[in-house]
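Printed here is work.cif (mmCIF, C-alpha atoms):
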data_protein
loop_
_atom_site.label_atom_id
_atom_site.label_comp_id
_atom_site.auth_asym_id
_atom_site.auth_seq_id
_atom_site.Cartn_x
_atom_site.Cartn_y
_atom_site.Cartn_z
CA MET A 190 -46.15 -57.61 58.32
CA THR A 191 -44.28 -54.70 59.93
CA VAL A 192 -45.12 -51.14 59.01
CA VAL A 193 -42.31 -48.61 59.25
CA ASP A 194 -43.00 -44.91 59.62
CA THR A 195 -40.24 -43.43 57.43
CA ASP A 196 -41.00 -39.93 58.70
CA ARG A 197 -39.62 -40.91 62.09
CA ILE A 198 -36.37 -42.63 61.06
CA ASP A 199 -33.20 -40.56 61.40
CA MET A 200 -30.72 -41.66 58.78
CA ALA A 201 -27.08 -41.88 59.77
CA ASP A 202 -24.73 -39.59 57.90
CA THR A 203 -22.85 -41.86 55.53
CA SER A 204 -21.00 -39.09 53.76
CA ASP A 205 -17.29 -39.67 53.20
CA GLU A 206 -16.81 -35.96 52.61
CA ARG A 207 -14.23 -34.42 54.91
CA THR A 208 -13.47 -30.79 55.50
CA LEU A 209 -10.08 -29.34 54.66
CA ASP A 210 -9.53 -28.64 58.34
CA GLU A 211 -10.09 -32.32 59.19
CA MET A 212 -7.78 -33.47 56.42
CA PHE A 213 -4.97 -31.13 57.44
CA GLU A 214 -5.45 -32.11 61.09
CA TRP A 215 -4.92 -35.79 60.19
CA LEU A 216 -1.65 -34.87 58.48
CA GLU A 217 -0.14 -33.13 61.51
CA PRO A 218 2.63 -33.03 62.33
CA THR A 219 4.08 -32.61 58.84
CA PRO A 220 7.53 -34.15 58.59
CA GLU A 221 10.28 -31.55 58.70
CA GLY A 222 11.42 -30.47 55.25
CA PHE A 223 8.11 -31.29 53.56
CA LYS A 224 5.25 -29.17 52.29
CA VAL A 225 1.66 -30.46 52.33
CA GLU A 226 -1.19 -29.28 50.12
CA ILE A 227 -4.62 -30.62 49.26
CA VAL A 228 -5.53 -30.23 45.59
CA GLU A 229 -9.03 -31.27 44.55
CA GLY A 230 -9.28 -33.41 47.70
CA THR A 231 -5.98 -35.25 47.09
CA VAL A 232 -3.05 -34.86 49.48
CA HIS A 233 0.26 -33.78 47.93
CA MET A 234 3.39 -33.94 50.06
CA SER A 235 6.66 -32.80 48.53
CA PRO A 236 10.17 -32.35 49.89
CA GLN A 237 11.66 -28.87 49.92
CA ARG A 238 14.71 -28.58 47.67
CA ASP A 239 17.64 -26.18 47.47
CA THR A 240 16.86 -25.11 43.89
CA HIS A 241 13.24 -24.58 44.78
CA TRP A 242 14.09 -22.40 47.79
CA GLU A 243 16.74 -20.40 45.89
CA ILE A 244 14.16 -19.35 43.28
CA ILE A 245 11.57 -18.51 45.94
CA ARG A 246 14.16 -16.43 47.82
CA ARG A 247 15.07 -14.47 44.68
CA ILE A 248 11.41 -13.71 43.94
CA VAL A 249 10.75 -12.59 47.52
CA ARG A 250 13.85 -10.39 47.35
CA ALA A 251 12.54 -8.81 44.12
CA LEU A 252 9.21 -8.12 45.84
CA GLU A 253 11.03 -6.49 48.77
CA ASP A 254 13.15 -4.40 46.40
CA ARG A 255 10.03 -3.17 44.61
CA PHE A 256 7.55 -2.82 47.51
CA GLY A 257 9.79 -2.42 50.56
CA MET A 258 10.70 -4.71 53.42
CA ASP A 259 7.15 -4.57 54.78
CA VAL A 260 5.66 -6.18 51.65
CA ARG A 261 2.98 -8.68 52.59
CA ALA A 262 4.70 -11.71 51.07
CA LEU A 263 4.11 -15.25 52.30
CA SER A 264 5.59 -18.64 51.49
CA ASP A 265 4.10 -22.06 52.19
CA VAL A 266 1.15 -20.65 54.15
CA ARG A 267 -2.21 -22.41 53.76
CA ILE A 268 -4.87 -20.55 51.82
CA ASP A 269 -8.15 -22.26 50.89
CA PHE A 270 -9.37 -21.96 47.31
CA GLY A 271 -12.83 -23.47 47.40
CA GLU A 272 -13.94 -26.96 48.28
CA GLY A 273 -11.15 -29.53 48.35
CA ASN A 274 -8.33 -27.03 47.72
CA GLY A 275 -6.05 -26.07 50.59
CA PHE A 276 -2.92 -24.72 48.91
CA ALA A 277 0.37 -23.54 50.40
CA PRO A 278 1.70 -21.47 47.47
CA ASP A 279 5.44 -21.01 47.14
CA ILE A 280 5.06 -17.22 47.04
CA VAL A 281 2.04 -15.01 47.63
CA LYS A 282 1.85 -11.24 47.64
CA LEU A 283 -1.18 -9.93 49.49
CA CYS A 284 -2.75 -6.54 48.93
CA ASP A 285 -2.31 -3.88 51.61
CA LYS A 286 -5.89 -4.32 52.90
CA ALA A 287 -5.54 -8.11 53.32
CA ALA A 288 -7.15 -9.58 56.41
CA LYS A 289 -7.64 -13.07 57.76
CA ASN A 290 -11.04 -14.73 57.95
CA SER A 291 -12.70 -15.99 61.13
CA HIS A 292 -10.64 -19.21 60.90
CA GLY A 293 -7.38 -17.23 60.89
CA ARG A 294 -6.63 -17.81 57.20
CA TRP A 295 -5.83 -15.35 54.42
CA LEU A 296 -8.50 -14.81 51.79
CA PRO A 297 -7.88 -15.59 48.11
CA GLU A 298 -9.55 -12.33 47.06
CA HIS A 299 -6.75 -10.39 48.78
CA ILE A 300 -4.00 -11.99 46.70
CA GLU A 301 -2.25 -9.90 44.05
CA PHE A 302 0.36 -12.45 42.97
CA VAL A 303 1.07 -16.16 43.27
CA GLY A 304 4.32 -17.82 42.24
CA GLU A 305 4.72 -21.58 42.09
CA VAL A 306 8.11 -23.24 41.53
CA ILE A 307 7.58 -26.60 39.88
CA SER A 308 8.51 -29.84 41.61
CA LYS A 309 8.44 -33.10 39.67
CA GLY A 310 5.82 -34.58 41.97
CA THR A 311 3.49 -31.57 41.92
CA ALA A 312 3.95 -30.19 38.39
CA ALA A 313 0.64 -31.56 37.11
CA ALA A 314 -1.24 -29.82 39.95
CA ASP A 315 0.58 -26.49 39.39
CA TYR A 316 -0.04 -26.49 35.63
CA GLY A 317 -3.62 -27.72 35.94
CA PRO A 318 -6.02 -27.57 38.90
CA LYS A 319 -4.05 -25.01 40.91
CA LYS A 320 -3.83 -22.65 37.91
CA ASP A 321 -7.56 -23.10 37.38
CA ALA A 322 -8.33 -22.43 41.06
CA TYR A 323 -6.18 -19.27 41.06
CA ALA A 324 -7.95 -17.99 37.95
CA ALA A 325 -11.39 -18.81 39.38
CA ALA A 326 -10.45 -16.89 42.55
CA GLY A 327 -9.46 -13.90 40.43
CA VAL A 328 -5.76 -13.91 41.35
CA PRO A 329 -4.49 -11.19 38.97
CA VAL A 330 -0.99 -12.60 38.37
CA PHE A 331 0.13 -16.23 38.48
CA LEU A 332 3.72 -17.14 37.68
CA ILE A 333 4.88 -20.71 37.16
CA VAL A 334 8.66 -21.15 37.39
CA ASP A 335 9.92 -24.44 35.93
CA PRO A 336 13.58 -25.14 36.80
CA TYR A 337 13.51 -28.41 34.83
CA VAL A 338 13.01 -26.68 31.48
CA GLY A 339 14.38 -23.27 32.52
CA ARG A 340 11.21 -21.37 31.77
CA CYS A 341 8.61 -19.12 33.40
CA LEU A 342 4.94 -18.97 32.40
CA LEU A 343 3.22 -15.75 33.33
CA HIS A 344 -0.59 -15.93 33.53
CA SER A 345 -2.67 -12.78 33.91
CA GLU A 346 -6.08 -11.30 33.14
CA PRO A 347 -8.30 -13.84 34.93
CA LYS A 348 -11.82 -13.98 33.55
CA ASP A 349 -14.58 -16.59 33.44
CA GLY A 350 -12.51 -19.11 35.42
CA GLY A 351 -9.40 -18.95 33.24
CA TYR A 352 -6.41 -16.79 32.44
CA HIS A 353 -6.67 -14.93 29.16
CA LYS A 354 -3.06 -13.86 28.80
CA LYS A 355 -0.03 -16.15 28.92
CA VAL A 356 3.59 -15.15 28.34
CA VAL A 357 6.47 -17.64 28.17
CA VAL A 358 9.91 -16.41 29.29
CA ASP A 359 13.10 -18.47 29.22
CA PHE A 360 15.52 -18.27 32.15
CA GLY A 361 18.04 -15.53 31.50
CA LEU A 362 15.40 -13.11 30.19
CA ASP A 363 13.37 -10.71 32.30
CA VAL A 364 9.74 -11.40 33.21
CA ASP A 365 8.04 -8.08 32.52
CA LEU A 366 5.24 -7.54 35.04
CA THR A 367 4.98 -3.79 34.48
CA ASP A 368 1.58 -4.05 32.80
CA THR A 369 0.14 -6.04 35.75
CA ALA A 370 -0.79 -5.17 39.34
CA MET A 371 2.81 -6.09 40.27
CA ASP A 372 4.46 -3.35 38.18
CA LEU A 373 7.96 -4.83 38.36
CA VAL A 374 10.55 -6.56 36.20
CA LEU A 375 11.66 -9.94 37.55
CA LYS A 376 15.18 -10.96 36.55
CA THR A 377 15.65 -14.70 35.97
CA ASP A 378 19.33 -14.79 34.95
CA ALA A 379 20.35 -16.16 38.38
CA PHE A 380 17.53 -18.72 38.68
CA PRO A 381 19.12 -22.17 39.15
CA ARG A 382 18.04 -25.18 37.13
CA ASP A 383 17.33 -28.74 38.19
#
Structure encoded using structure tokens:
Amino acid sequence: MTVVDTDRIDMADTSDERTLDEMFEWLEPTPEGFKVEIVEGTVHMSPQRDTHWEIIRRIVRALEDRFGMDVRALSDVRIDFGEGNGFAPDIVKLCDKAAKNSHGRWLPEHIEFVGEVISKGTAAADYGPKKDAYAAAGVPVFLIVDPYVGRCLLHSEPKDGGYHKKVVVDFGLDVDLTDTAMDLVLKTDAFPRD
């Protein structure tokens, strides 16, 4: 009979858990014309489309008109939102005091606004886990723009992991952000539809 001293056995790490950095590293280089995100540990890769970009461009232009050309607006830049969530939001407005962390990434707590333009392949993530992650991070204003139905959904007042105010605005009408940290009116009459 063999006696094994279990206090002296080093167990091998059998964890399948990977860090976001490792997962993104495996995906490099990203094919040109595609955007990659990791939502709840699942990789989402979607092609960039003309309609998608046109809406993003119009929102960025509205931010520049309201806050000046030096507005801290980003598009498709990785920001980590907790374990398993490395997002590249379509549009982000950072606060003036925003700074990168020690890994060279922007911090979710410095975000004032996120805008996501729906793609067919990523709609479920935008309406579900990404919205939940933005609310949990305390992002004050989250705008979903859906060119398939011609509608915007404005989420604000994050509290207890969810948004407590939701406003639905059809394309052609203005999205009134004057009672939010954004303090602007976003015109949607020129937003294209898919």
Report as a list in words the residues that result from applying the PyMOL selection byres ((chain A and resi 353-362) around 8) to the structure here. Gly339, Arg340, Cys341, Leu342, Leu343, His344, Ser345, Glu346, Pro347, Lys348, Gly351, Tyr352, Asp363, Val364, Lys376, Thr377, Asp378, Ala379 and Phe380 of chain A
Selection export as a short mmCIF file (atom, residue, chain, number, x, y, z; two decimals), keeping the file's coordinate frame, atoms kept: C-alpha atoms:
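Generated file (again03.cif):
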data_model
loop_
_atom_site.label_atom_id
_atom_site.label_comp_id
_atom_site.auth_asym_id
_atom_site.auth_seq_id
_atom_site.Cartn_x
_atom_site.Cartn_y
_atom_site.Cartn_z
CA GLY A 339 14.38 -23.27 32.52
CA ARG A 340 11.21 -21.37 31.77
CA CYS A 341 8.61 -19.12 33.40
CA LEU A 342 4.94 -18.97 32.40
CA LEU A 343 3.22 -15.75 33.33
CA HIS A 344 -0.59 -15.93 33.53
CA SER A 345 -2.67 -12.78 33.91
CA GLU A 346 -6.08 -11.30 33.14
CA PRO A 347 -8.30 -13.84 34.93
CA LYS A 348 -11.82 -13.98 33.55
CA GLY A 351 -9.40 -18.95 33.24
CA TYR A 352 -6.41 -16.79 32.44
CA ASP A 363 13.37 -10.71 32.30
CA VAL A 364 9.74 -11.40 33.21
CA LYS A 376 15.18 -10.96 36.55
CA THR A 377 15.65 -14.70 35.97
CA ASP A 378 19.33 -14.79 34.95
CA ALA A 379 20.35 -16.16 38.38
CA PHE A 380 17.53 -18.72 38.68
#
Which neighbours of A:Ala251 fall inside 10 Å, counting all atoms listed in the file, when residues of the same chain fewer than 3 positions from it are skipped, and could you give them as a short mmCIF file (atom, residue, chain, number, x, y, z; two decimals) with C-alpha atoms, in the frame of the given file?
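Okay, this is what ended up in part_23.cif:
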data_model
loop_
_atom_site.label_atom_id
_atom_site.label_comp_id
_atom_site.auth_asym_id
_atom_site.auth_seq_id
_atom_site.Cartn_x
_atom_site.Cartn_y
_atom_site.Cartn_z
CA ILE A 245 11.57 -18.51 45.94
CA ARG A 246 14.16 -16.43 47.82
CA ARG A 247 15.07 -14.47 44.68
CA ILE A 248 11.41 -13.71 43.94
CA ASP A 254 13.15 -4.40 46.40
CA ARG A 255 10.03 -3.17 44.61
CA PHE A 256 7.55 -2.82 47.51
CA GLY A 257 9.79 -2.42 50.56
CA LEU A 373 7.96 -4.83 38.36
CA VAL A 374 10.55 -6.56 36.20
CA LEU A 375 11.66 -9.94 37.55
CA LYS A 376 15.18 -10.96 36.55
#
Return as a ChimeraX atom specification the set of residues that the PyMOL selection byres ((chain A and resi 324-334) around 9) yields on the displayed structure. /A:244,270-271,297-307,315-316,319-323,335-336,339-352,366,369-371
Could the residues in this selection be written to a file with C-alpha atoms, as a short mmCIF file (atom, residue, chain, number, x, y, z; two decimals), in the coordinates of the input?
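And here is the file that came out, selection-v7.cif:
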data_model
loop_
_atom_site.label_atom_id
_atom_site.label_comp_id
_atom_site.auth_asym_id
_atom_site.auth_seq_id
_atom_site.Cartn_x
_atom_site.Cartn_y
_atom_site.Cartn_z
CA ILE A 244 14.16 -19.35 43.28
CA PHE A 270 -9.37 -21.96 47.31
CA GLY A 271 -12.83 -23.47 47.40
CA PRO A 297 -7.88 -15.59 48.11
CA GLU A 298 -9.55 -12.33 47.06
CA HIS A 299 -6.75 -10.39 48.78
CA ILE A 300 -4.00 -11.99 46.70
CA GLU A 301 -2.25 -9.90 44.05
CA PHE A 302 0.36 -12.45 42.97
CA VAL A 303 1.07 -16.16 43.27
CA GLY A 304 4.32 -17.82 42.24
CA GLU A 305 4.72 -21.58 42.09
CA VAL A 306 8.11 -23.24 41.53
CA ILE A 307 7.58 -26.60 39.88
CA ASP A 315 0.58 -26.49 39.39
CA TYR A 316 -0.04 -26.49 35.63
CA LYS A 319 -4.05 -25.01 40.91
CA LYS A 320 -3.83 -22.65 37.91
CA ASP A 321 -7.56 -23.10 37.38
CA ALA A 322 -8.33 -22.43 41.06
CA TYR A 323 -6.18 -19.27 41.06
CA ASP A 335 9.92 -24.44 35.93
CA PRO A 336 13.58 -25.14 36.80
CA GLY A 339 14.38 -23.27 32.52
CA ARG A 340 11.21 -21.37 31.77
CA CYS A 341 8.61 -19.12 33.40
CA LEU A 342 4.94 -18.97 32.40
CA LEU A 343 3.22 -15.75 33.33
CA HIS A 344 -0.59 -15.93 33.53
CA SER A 345 -2.67 -12.78 33.91
CA GLU A 346 -6.08 -11.30 33.14
CA PRO A 347 -8.30 -13.84 34.93
CA LYS A 348 -11.82 -13.98 33.55
CA ASP A 349 -14.58 -16.59 33.44
CA GLY A 350 -12.51 -19.11 35.42
CA GLY A 351 -9.40 -18.95 33.24
CA TYR A 352 -6.41 -16.79 32.44
CA LEU A 366 5.24 -7.54 35.04
CA THR A 369 0.14 -6.04 35.75
CA ALA A 370 -0.79 -5.17 39.34
CA MET A 371 2.81 -6.09 40.27
#
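Residue nearest A:Val266 within the list A:Arg238, A:Ser291, A:Leu283, A:Leu252: A:Leu283 [criterion: smallest interatomic distance, all atoms listed in the file].
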Between atom CA of A:Ser264 and atom CA of A:Val249, what is the distance in Å, rounded to a tenth?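 According to the coordinates, atom CA of A:Ser264 and atom CA of A:Val249 are separated by 8.9 Å.
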Counting only C-alpha atoms, which residue out of A:Arg294, A:Asp372, A:Val260, A:Val338 sits closest to A:Gly275? A:Arg294
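Rounded to one decimal, atom CA of A:Asp265 and atom CA of A:Val281 lie 8.6 Å from each other.
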Which value, in Å to one decimal, gives the distance between atom CA of A:Trp295 and atom CA of A:Ala314?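 Taking atom CA of A:Trp295 and atom CA of A:Ala314, their separation equals 21.0 Å.
For the choices A:Pro318, A:Tyr337, A:Lys289, A:Asp279, the atom-to-atom distance to A:Gln237 is smallest for A:Asp279 when using all atoms listed in the file.
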Of the candidates A:Val228, A:Arg261, A:Lys309, A:His292, which one gets nearest to A:Asn274 if we count all atoms listed in the file?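 Ranking A:Val228, A:Arg261, A:Lys309, A:His292 by distance to A:Asn274, first place goes to A:Val228.
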